[in-house]
file coords-v8.cif (mmCIF, C-alpha atoms)
data_data
loop_
_atom_site.label_atom_id
_atom_site.label_comp_id
_atom_site.auth_asym_id
_atom_site.auth_seq_id
_atom_site.Cartn_x
_atom_site.Cartn_y
_atom_site.Cartn_z
CA MET R 28 152.15 21.90 94.04
CA ARG R 29 150.22 19.71 91.61
CA GLU R 30 147.57 22.42 91.25
CA ILE R 31 150.22 25.05 90.49
CA TRP R 32 151.79 22.77 87.88
CA SER R 33 148.46 21.98 86.20
CA ARG R 34 147.54 25.67 85.94
CA HIS R 35 150.93 27.03 84.90
CA HIS R 36 152.79 24.04 83.48
CA PHE R 37 153.86 25.78 80.28
CA TRP R 38 154.94 28.88 82.20
CA LEU R 39 157.03 26.75 84.54
CA PHE R 40 158.39 24.69 81.66
CA VAL R 41 159.63 27.78 79.81
CA PHE R 42 161.27 29.08 82.98
CA ALA R 43 162.94 25.75 83.64
CA PHE R 44 164.04 25.37 80.02
CA ALA R 45 165.53 28.86 79.84
CA LEU R 46 167.36 28.41 83.12
CA THR R 47 168.63 24.94 82.23
CA VAL R 48 170.10 25.86 78.85
CA ARG R 49 171.96 28.76 80.39
CA ILE R 50 173.36 26.78 83.29
CA ILE R 51 174.43 23.96 80.96
CA ALA R 52 176.09 26.49 78.67
CA LEU R 53 177.98 27.96 81.60
CA GLN R 54 179.61 24.56 82.09
CA PHE R 55 180.96 24.50 78.53
CA ILE R 56 181.79 28.13 77.92
CA PRO R 57 184.75 29.48 79.92
CA PRO R 58 183.82 31.36 83.12
CA PRO R 59 183.08 35.04 82.65
CA ALA R 60 186.17 36.99 81.68
CA LEU R 61 186.34 40.63 82.63
CA LYS R 62 187.34 42.44 79.50
CA TRP R 63 187.48 46.23 79.43
CA LEU R 64 183.81 47.19 79.75
CA PRO R 65 182.79 44.46 82.23
CA TYR R 66 185.99 45.20 84.15
CA GLN R 67 184.95 48.85 84.49
CA PHE R 68 181.57 47.84 85.92
CA ASP R 69 183.21 45.45 88.36
CA LEU R 70 185.87 47.97 89.36
CA ARG R 71 183.44 50.79 90.03
CA ALA R 72 181.04 48.55 91.95
CA SER R 73 183.91 47.27 94.09
CA GLN R 74 185.17 50.83 94.67
CA LEU R 75 181.70 51.93 95.68
CA MET R 76 181.46 49.12 98.22
CA ALA R 77 184.85 50.11 99.64
CA GLY R 78 183.96 53.80 99.77
CA GLU R 79 186.71 54.74 97.32
CA THR R 80 186.68 57.61 94.85
CA ILE R 81 185.73 56.65 91.32
CA ALA R 82 187.78 58.54 88.76
CA PHE R 83 185.98 57.99 85.49
CA PRO R 84 183.75 60.16 83.26
CA ASP R 85 180.85 57.81 83.82
CA ALA R 86 178.47 57.52 80.87
CA TRP R 87 176.52 54.63 82.37
CA ALA R 88 175.08 56.39 85.43
CA SER R 89 173.62 53.82 87.83
CA PHE R 90 174.74 50.42 86.59
CA HIS R 91 177.62 49.97 89.02
CA ILE R 92 175.37 51.12 91.90
CA VAL R 93 172.92 48.27 91.25
CA LEU R 94 175.79 45.84 90.76
CA ALA R 95 177.28 46.92 94.08
CA GLY R 96 173.99 45.95 95.73
CA PHE R 97 174.34 42.41 94.41
CA TYR R 98 177.98 42.38 95.48
CA ALA R 99 176.88 43.31 99.01
CA VAL R 100 174.65 40.22 99.04
CA PHE R 101 177.52 38.05 97.77
CA GLU R 102 179.75 39.50 100.49
CA TRP R 103 177.11 38.66 103.11
CA LEU R 104 177.11 35.10 101.76
CA GLU R 105 180.93 35.12 102.05
CA ALA R 106 181.20 34.46 98.32
CA LEU R 107 182.42 37.80 97.01
CA GLU R 108 185.54 36.27 95.47
CA HIS R 109 183.23 34.30 93.16
CA ARG R 110 181.15 37.38 92.29
CA VAL R 111 181.69 37.27 88.52
CA LEU R 112 180.52 33.67 88.17
CA LEU R 113 177.68 34.25 90.63
CA TRP R 114 176.50 37.24 88.65
CA ALA R 115 176.36 35.05 85.53
CA TYR R 116 174.00 32.75 87.41
CA VAL R 117 171.93 35.71 88.62
CA GLN R 118 171.60 36.85 85.00
CA SER R 119 170.54 33.31 84.09
CA VAL R 120 167.66 33.49 86.54
CA MET R 121 166.65 36.97 85.34
CA ALA R 122 166.62 35.84 81.70
CA ALA R 123 164.60 32.73 82.60
CA ILE R 124 161.99 34.87 84.36
CA ALA R 125 161.82 37.15 81.31
CA ALA R 126 161.32 34.13 79.04
CA ALA R 127 158.45 32.85 81.19
CA ILE R 128 156.77 36.28 81.24
CA LEU R 129 157.16 36.56 77.47
CA TYR R 130 155.58 33.14 77.05
CA ASP R 131 152.56 34.15 79.13
CA LEU R 132 152.24 37.49 77.33
CA THR R 133 152.38 35.84 73.90
CA ARG R 134 149.87 33.18 74.92
CA LYS R 135 147.37 35.78 76.08
CA LEU R 136 147.81 37.92 72.96
CA CYS R 137 147.80 35.10 70.39
CA GLY R 138 145.65 32.51 72.13
CA SER R 139 148.05 29.75 71.13
CA ASN R 140 150.16 27.73 73.55
CA ARG R 141 152.32 26.42 70.70
CA ILE R 142 153.23 29.85 69.36
CA ALA R 143 153.80 31.13 72.89
CA LEU R 144 156.02 28.17 73.67
CA ALA R 145 157.98 28.76 70.46
CA ALA R 146 158.42 32.42 71.41
CA GLY R 147 159.69 31.48 74.88
CA VAL R 148 162.14 28.93 73.47
CA LEU R 149 163.44 31.31 70.78
CA PHE R 150 163.99 34.01 73.36
CA SER R 151 165.71 31.54 75.67
CA LEU R 152 168.16 30.55 72.94
CA HIS R 153 168.72 34.06 71.58
CA TYR R 154 169.42 36.72 74.16
CA PRO R 155 170.95 34.63 76.96
CA PHE R 156 173.56 33.11 74.71
CA LEU R 157 174.60 36.36 73.08
CA TYR R 158 175.17 37.91 76.50
CA LEU R 159 175.89 34.85 78.57
CA ASN R 160 179.09 35.73 80.38
CA THR R 161 179.98 39.36 79.89
CA LEU R 162 178.68 40.90 83.12
CA VAL R 163 176.40 43.23 81.16
CA LEU R 164 174.02 44.40 83.83
CA SER R 165 172.06 46.94 81.81
CA GLU R 166 170.73 44.78 78.97
CA THR R 167 169.71 41.91 81.24
CA THR R 168 167.80 44.15 83.61
CA PHE R 169 166.36 46.19 80.74
CA VAL R 170 164.83 43.17 79.02
CA LEU R 171 163.33 41.74 82.20
CA VAL R 172 161.62 44.94 83.39
CA LEU R 173 160.49 45.92 79.89
CA VAL R 174 158.85 42.55 79.20
CA ALA R 175 157.21 42.79 82.62
CA ALA R 176 155.99 46.34 81.91
CA PHE R 177 154.37 45.20 78.64
CA HIS R 178 152.73 42.29 80.45
CA VAL R 179 151.21 44.73 82.94
CA LEU R 180 150.09 47.24 80.30
CA LEU R 181 148.54 44.65 77.98
CA THR R 182 147.12 41.92 80.23
CA TRP R 183 146.24 43.58 83.53
CA GLN R 184 143.04 45.49 84.08
CA PRO R 185 143.85 49.23 83.81
CA SER R 186 143.91 50.73 87.30
CA VAL R 187 145.91 53.08 89.46
CA LYS R 188 148.03 50.19 90.77
CA SER R 189 148.75 48.64 87.37
CA LEU R 190 149.67 51.95 85.73
CA ALA R 191 151.86 52.92 88.68
CA LEU R 192 153.62 49.53 88.53
CA ALA R 193 154.11 49.87 84.77
CA GLY R 194 155.58 53.35 85.32
CA VAL R 195 158.06 52.05 87.90
CA LEU R 196 159.15 49.22 85.59
CA LEU R 197 159.55 51.58 82.63
CA GLY R 198 161.51 53.99 84.83
CA ILE R 199 163.96 51.23 85.73
CA ALA R 200 164.24 50.32 82.04
CA LEU R 201 164.98 53.95 81.16
CA ILE R 202 167.77 54.12 83.73
CA CYS R 203 169.29 50.95 82.32
CA ARG R 204 169.04 51.97 78.67
CA PRO R 205 168.44 55.67 77.87
CA ILE R 206 167.88 54.54 74.28
CA LEU R 207 164.29 53.94 75.46
CA THR R 208 163.65 57.71 75.70
CA PRO R 209 161.88 58.15 72.30
CA PHE R 210 159.39 55.46 73.32
CA PHE R 211 157.72 57.62 75.96
CA PRO R 212 156.03 60.16 73.65
CA LEU R 213 154.71 57.25 71.58
CA LEU R 214 153.53 55.48 74.74
CA GLY R 215 151.69 58.65 75.79
CA ILE R 216 149.86 58.78 72.46
CA TRP R 217 149.02 55.07 72.74
CA LEU R 218 147.58 55.55 76.23
CA LEU R 219 145.47 58.54 75.13
CA VAL R 220 144.05 56.53 72.22
CA THR R 221 143.45 53.19 73.94
CA MET R 222 142.50 54.00 77.51
CA GLU R 223 138.90 54.42 78.67
CA ARG R 224 137.48 57.85 77.96
CA GLY R 225 137.46 60.02 81.07
CA LYS R 226 140.42 58.19 82.62
CA ARG R 227 143.08 58.79 79.98
CA ILE R 228 144.74 61.82 81.55
CA LYS R 229 144.55 60.24 85.00
CA TYR R 230 146.22 57.01 83.88
CA LEU R 231 148.83 58.89 81.86
CA ALA R 232 149.68 61.02 84.89
CA ILE R 233 149.93 57.98 87.17
CA LEU R 234 152.29 56.20 84.79
CA GLY R 235 154.34 59.36 84.48
CA LEU R 236 154.57 59.67 88.25
CA GLY R 237 155.84 56.09 88.46
CA VAL R 238 158.61 56.85 85.97
CA ALA R 239 159.42 60.15 87.70
CA ALA R 240 159.64 58.48 91.12
CA VAL R 241 162.24 55.99 89.89
CA MET R 242 164.24 58.70 88.12
CA THR R 243 164.18 60.90 91.23
CA ILE R 244 165.44 58.11 93.48
CA ALA R 245 168.16 57.14 91.00
CA SER R 246 169.27 60.76 90.61
CA SER R 247 169.45 61.15 94.37
CA ILE R 248 171.57 58.02 94.73
CA ASN R 249 173.82 59.15 91.91
CA ALA R 250 174.27 62.58 93.46
CA ASP R 251 175.07 61.08 96.85
CA THR R 252 177.58 58.54 95.59
CA GLY R 253 179.14 60.99 93.16
CA ARG R 254 179.75 63.89 95.54
CA HIS R 255 183.46 63.23 95.88
CA HIS R 256 184.12 61.89 92.40
CA ARG R 257 186.18 63.85 89.94
CA PHE R 258 183.51 63.68 87.26
CA SER R 259 179.79 64.31 87.11
CA TYR R 260 177.40 61.51 86.31
CA SER R 261 175.38 61.82 83.14
CA GLY R 262 174.17 59.96 80.11
CA ASN R 263 176.15 59.84 76.89
CA THR R 264 173.43 61.15 74.57
CA GLY R 265 175.35 64.23 73.47
CA ALA R 266 178.53 62.32 72.73
CA ASN R 267 176.55 59.71 70.80
CA VAL R 268 174.84 62.37 68.67
CA ALA R 269 178.19 64.00 67.88
CA LEU R 270 179.77 60.66 66.92
CA ALA R 271 176.78 59.70 64.76
CA GLN R 272 176.15 62.99 62.96
CA CYS R 273 179.79 64.06 62.52
CA ARG R 274 180.86 60.57 61.37
CA LEU R 275 183.62 60.26 63.97
CA LYS R 276 185.54 57.20 64.99
CA THR R 277 186.52 58.48 68.45
CA LEU R 278 185.98 61.37 70.81
CA ARG R 279 189.04 61.83 73.02
CA TYR R 280 188.72 63.91 76.18
CA ASP R 281 192.16 65.27 77.22
CA LEU R 282 192.78 66.54 80.76
CA PRO R 283 195.44 69.13 81.69
CA SER R 284 197.18 66.44 83.77
CA GLY R 285 197.90 64.46 80.64
CA GLU R 286 195.23 61.85 81.33
CA TYR R 287 192.67 61.18 78.64
CA PHE R 288 189.48 59.21 78.18
CA TRP R 289 188.03 58.11 74.88
CA PHE R 290 184.56 57.23 73.67
CA SER R 291 184.03 55.29 70.45
CA PRO R 292 181.15 53.18 69.03
CA PRO R 293 182.23 49.61 68.16
CA SER R 294 180.69 49.86 64.69
CA SER R 295 183.31 52.52 63.81
CA TRP R 296 186.37 50.65 65.02
CA GLY R 297 187.31 49.08 61.72
CA GLY R 298 186.94 52.21 59.57
CA SER R 299 189.10 55.21 58.74
CA LEU R 300 186.88 57.87 60.31
CA PRO R 301 188.54 60.79 62.11
CA THR R 302 189.24 61.19 65.81
CA VAL R 303 188.41 64.49 67.51
CA LYS R 304 190.29 65.61 70.61
CA THR R 305 188.43 67.83 73.06
CA ASP R 306 188.85 69.36 76.50
CA VAL R 307 185.09 69.31 77.14
CA PRO R 308 183.91 66.49 79.48
CA PHE R 309 181.62 63.89 77.98
CA TYR R 310 178.86 64.76 80.43
CA GLU R 311 178.45 68.23 78.86
CA ASP R 312 175.60 67.04 76.67
CA SER R 313 174.68 70.49 75.36
CA TYR R 314 178.15 71.01 73.85
CA TYR R 315 178.13 67.70 72.00
CA LEU R 316 174.50 68.09 70.89
CA ARG R 317 175.46 71.41 69.28
CA MET R 318 178.44 69.73 67.65
CA GLY R 319 176.16 67.11 66.07
CA LEU R 320 173.61 69.69 64.97
CA ASN R 321 176.30 71.84 63.34
CA CYS R 322 177.56 68.85 61.38
CA VAL R 323 174.05 68.24 60.01
CA LEU R 324 173.56 71.92 59.14
CA GLU R 325 176.89 72.00 57.32
CA GLU R 326 176.06 68.85 55.35
CA PRO R 327 172.31 68.04 55.30
CA SER R 328 172.94 64.97 53.15
CA ARG R 329 174.06 63.28 56.36
CA LEU R 330 170.36 62.80 57.14
CA VAL R 331 170.17 60.39 54.19
CA GLY R 332 173.35 58.62 55.27
CA ASN R 333 171.85 58.10 58.71
CA PHE R 334 169.75 55.25 57.33
CA ALA R 335 172.96 53.22 57.30
CA HIS R 336 172.79 53.37 61.09
CA LEU R 337 169.65 51.24 60.96
CA ALA R 338 171.32 48.58 58.83
CA ARG R 339 174.11 48.31 61.42
CA LEU R 340 171.56 47.17 64.00
CA TYR R 341 171.58 43.88 62.10
CA HIS R 342 175.20 43.70 60.93
CA SER R 343 178.10 45.50 62.56
CA VAL R 344 180.02 44.66 65.74
CA LEU R 345 178.51 43.11 68.85
CA TYR R 346 180.28 44.33 71.96
CA PRO R 347 181.10 43.20 74.62
CA ASP R 348 182.16 39.81 73.31
CA PHE R 349 182.77 36.47 74.96
CA ALA R 350 185.96 35.16 76.46
CA ASP R 351 185.71 32.58 73.67
CA ASN R 352 185.42 34.85 70.63
CA ARG R 353 185.07 32.06 68.08
CA HIS R 354 181.89 30.64 69.54
CA HIS R 355 180.46 34.09 70.15
CA ARG R 356 181.03 35.21 66.56
CA THR R 357 179.29 32.06 65.32
CA LEU R 358 176.30 32.70 67.57
CA VAL R 359 176.03 36.29 66.39
CA ASP R 360 176.16 35.27 62.72
CA VAL R 361 173.57 32.51 63.14
CA TRP R 362 171.04 34.86 64.75
CA LYS R 363 171.28 37.54 62.05
CA PHE R 364 168.92 35.59 59.78
CA PRO R 365 166.05 35.09 62.24
CA ALA R 366 166.42 38.74 63.26
CA VAL R 367 165.94 39.99 59.69
CA ILE R 368 163.17 37.50 58.85
CA LEU R 369 161.19 38.23 62.02
CA THR R 370 161.58 41.98 61.51
CA LEU R 371 160.03 41.68 58.05
CA ALA R 372 157.29 39.41 59.42
CA PHE R 373 156.52 41.86 62.22
CA ILE R 374 156.26 44.78 59.80
CA ALA R 375 154.05 42.76 57.45
CA ALA R 376 151.85 41.39 60.24
CA PRO R 377 148.93 43.80 59.56
CA LEU R 378 148.87 42.57 55.93
CA VAL R 379 149.03 38.90 56.85
CA ARG R 380 146.80 39.06 59.92
CA ARG R 381 144.24 41.82 59.47
CA GLU R 382 143.30 41.81 63.14
CA CYS R 383 146.68 43.45 63.86
CA LEU R 384 145.38 46.66 62.32
CA THR R 385 142.95 47.09 65.20
CA SER R 386 145.07 45.45 67.88
CA LYS R 387 146.17 47.97 70.49
CA ALA R 388 148.84 45.51 71.64
CA TYR R 389 150.42 45.30 68.18
CA TRP R 390 150.72 49.07 67.94
CA LEU R 391 152.36 49.26 71.37
CA PHE R 392 154.97 46.76 70.22
CA ALA R 393 155.35 48.74 67.00
CA ALA R 394 155.85 51.97 68.96
CA LEU R 395 158.65 50.36 70.97
CA PHE R 396 160.34 49.06 67.82
CA VAL R 397 160.01 52.43 66.06
CA SER R 398 161.60 54.12 69.08
CA LEU R 399 164.68 51.91 68.62
CA PHE R 400 164.95 53.05 65.00
CA VAL R 401 164.50 56.71 65.96
CA SER R 402 167.23 56.53 68.63
CA THR R 403 169.59 54.80 66.24
CA TYR R 404 168.89 57.17 63.35
CA VAL R 405 169.51 60.29 65.43
CA ALA R 406 171.88 59.39 68.21
CA ASN R 407 173.97 56.34 67.38
CA PRO R 408 176.00 55.04 64.43
CA GLY R 409 174.26 51.69 64.93
CA GLU R 410 175.30 48.62 66.92
CA GLU R 411 174.02 45.06 67.04
CA ARG R 412 174.19 45.36 70.81
CA HIS R 413 171.26 47.76 70.70
CA PHE R 414 169.07 45.36 68.71
CA VAL R 415 169.61 42.32 70.93
CA PRO R 416 167.43 43.55 73.86
CA TYR R 417 164.61 44.30 71.38
CA PHE R 418 164.51 40.88 69.66
CA TRP R 419 161.66 39.71 71.90
CA VAL R 420 159.46 42.55 70.60
CA LEU R 421 159.19 40.75 67.25
CA LEU R 422 158.00 37.41 68.63
CA PRO R 423 154.35 37.86 69.79
CA TYR R 424 153.24 39.14 66.35
CA GLY R 425 156.12 38.47 63.96
CA LEU R 426 156.20 34.74 64.69
CA PRO R 427 152.44 34.14 64.13
CA ALA R 428 152.54 36.23 60.94
CA LEU R 429 155.50 34.26 59.62
CA LEU R 430 153.88 30.91 60.41
CA GLN R 431 150.58 31.96 58.81
CA PHE R 432 152.37 33.17 55.68
CA LEU R 433 154.25 29.87 55.36
CA HIS R 434 151.00 27.96 55.87
CA GLU R 435 149.16 29.95 53.20
CA HIS R 436 152.07 29.90 50.74
CA PRO R 437 153.51 26.37 50.93
CA ALA R 438 156.67 25.64 48.99
CA SER R 439 156.24 23.91 45.65
CA ALA R 440 156.70 20.18 45.53
CA SER R 441 160.21 18.94 44.77
CA ASP R 442 159.15 17.60 41.36
CA GLY R 443 158.15 21.09 40.25
CA SER R 444 154.43 20.38 40.21
CA ARG R 445 152.08 23.09 41.45
CA GLN R 446 150.16 22.28 44.61
CA GLU R 447 146.55 23.43 44.63
CA PRO R 448 145.37 24.97 47.88
CA THR R 449 142.89 22.86 49.79
CA THR R 450 139.70 24.06 51.31
CA VAL R 451 138.89 23.06 54.84
#

call {"tool": "encode", "arguments": {"input": "coords-v8.cif", "output": "structure tokens"}}
result
Amino acid sequence: MREIWSRHHFWLFVFAFALTVRIIALQFIPPPALKWLPYQFDLRASQLMAGETIAFPDAWASFHIVLAGFYAVFEWLEALEHRVLLWAYVQSVMAAIAAAILYDLTRKLCGSNRIALAAGVLFSLHYPFLYLNTLVLSETTFVLVLVAAFHVLLTWQPSVKSLALAGVLLGIALICRPILTPFFPLLGIWLLVTMERGKRIKYLAILGLGVAAVMTIASSINADTGRHHRFSYSGNTGANVALAQCRLKTLRYDLPSGEYFWFSPPSSWGGSLPTVKTDVPFYEDSYYLRMGLNCVLEEPSRLVGNFAHLARLYHSVLYPDFADNRHHRTLVDVWKFPAVILTLAFIAAPLVRRECLTSKAYWLFAALFVSLFVSTYVANPGEERHFVPYFWVLLPYGLPALLQFLHEHPASASDGSRQEPTTV
């Protein structure tokens, strides 16, 4: 045990710190409250366990299936009645593991324990607290597997096993958050440029097979569990594109029976945008993609207005919210400033630290961040919720760039005198 501690003491410290702050916070923040979206996850997972029909136009594909797996474990432990609180603790462990992996990744990329420790602590205080008790399965899983995938791609020796593992992890991330889709073409280009000549196509194919394997298994499970449901399972890409490009507040799907389901981005809730009623199910992506395209063709200036979507990643509405809205709103507001500052530092990193220009790791992080902007520009009106799982991307290079800039440009003395730089 002493040998493990001596070799990995910082790694273990970050894990312990991240886990501790979350567990302490769970004692002060009210237990998880199932508002509408978390309630839907819980309801569908419980129905799946009971073998009941799920009557909902599901836009979140597999989330409740994974959650039902955890519920089965809780049931085996005879603790299913405490499932919501237990899941909060499970998410605490997952976030702590992600923080420790991020620490190790940053340390290996930057060569600095202090910067890596700062990155791990910042991550521990940021993401876990913004999504501490809302039963959001997708973002928690997405962050963990994506950080792990980057660790494999950037620190492991390229091989069949490492590329296959990275593909599986990225496939899981894609299932959790389809917003990752634009990243894959950029990842393919990165692999072709950075991998050893003669093995590029092979490694690219292996990674692709890993992703495809996960998607195939997930699709099979979805098809099996959805055979008797009244709605097909699908993503919500088409509906998102229509909402974003047609500037809609709500899409309302009316059924002949009089039932209806609605789909609306939180960033549009406070405005006076129109609501469109339709009898086309949300899972008919092609219909809604054509709707969005027609809106752009009718008014091409919308392409300029789409840049407002990017601004809403930093300032709009964060949903789902906490049971205690006051504390949650404060947390969200406090973290806006580091988010903006670190974004600027990450973008400016090649100017501040010239080695970033030739760093294959930096450009992989940049590709992931650009993919978030592309998804938001095209297929979403913009939500802070989408930025939160990407905050960690800024830390391994944005934090060192920011610290170096502050070191090279110290603030003037309080008496107004100009400080001359010193030469070491």

call {"tool": "residues_around", "arguments": {"input": "coords-v8.cif", "residues": "Asn267 (chain R)", "least_positions_apart": "2", "cutoff": "12 Å", "atoms": "only C-alpha atoms", "output": "NGL selection string"}}
result
:R and (86 or 205-206 or 262-265 or 269-278 or 290-293 or 309-320 or 402-410)

call {"tool": "resolve_selection", "arguments": {"input": "coords-v8.cif", "expression": "the PyMOL selection byres ((chain R and resi 210) around 12)", "output": "PyMOL selection string"}}
result
chain R and resi 173+197-198+200-201+204-209+211-217+391-402

call {"tool": "resolve_selection", "arguments": {"input": "coords-v8.cif", "expression": "the PyMOL selection byres ((chain R and resi 375-385) around 8)", "output": "MDAnalysis selection string"}}
result
chainID R and resid 371:374 386:387 389 424:425 428 431:432

call {"tool": "resolve_selection", "arguments": {"input": "coords-v8.cif", "expression": "the PyMOL selection byres ((chain R and resi 127) around 7)", "output": "PyMOL selection string"}}
result
chain R and resi 38+41-42+123-126+128-131+147

call {"tool": "closest_residue", "arguments": {"input": "coords-v8.cif", "among": "R:His434, R:Leu426, R:Tyr280, R:Asp69", "to": "Leu144 (chain R)", "atoms": "all atoms listed in the file"}}
result
R:Leu426
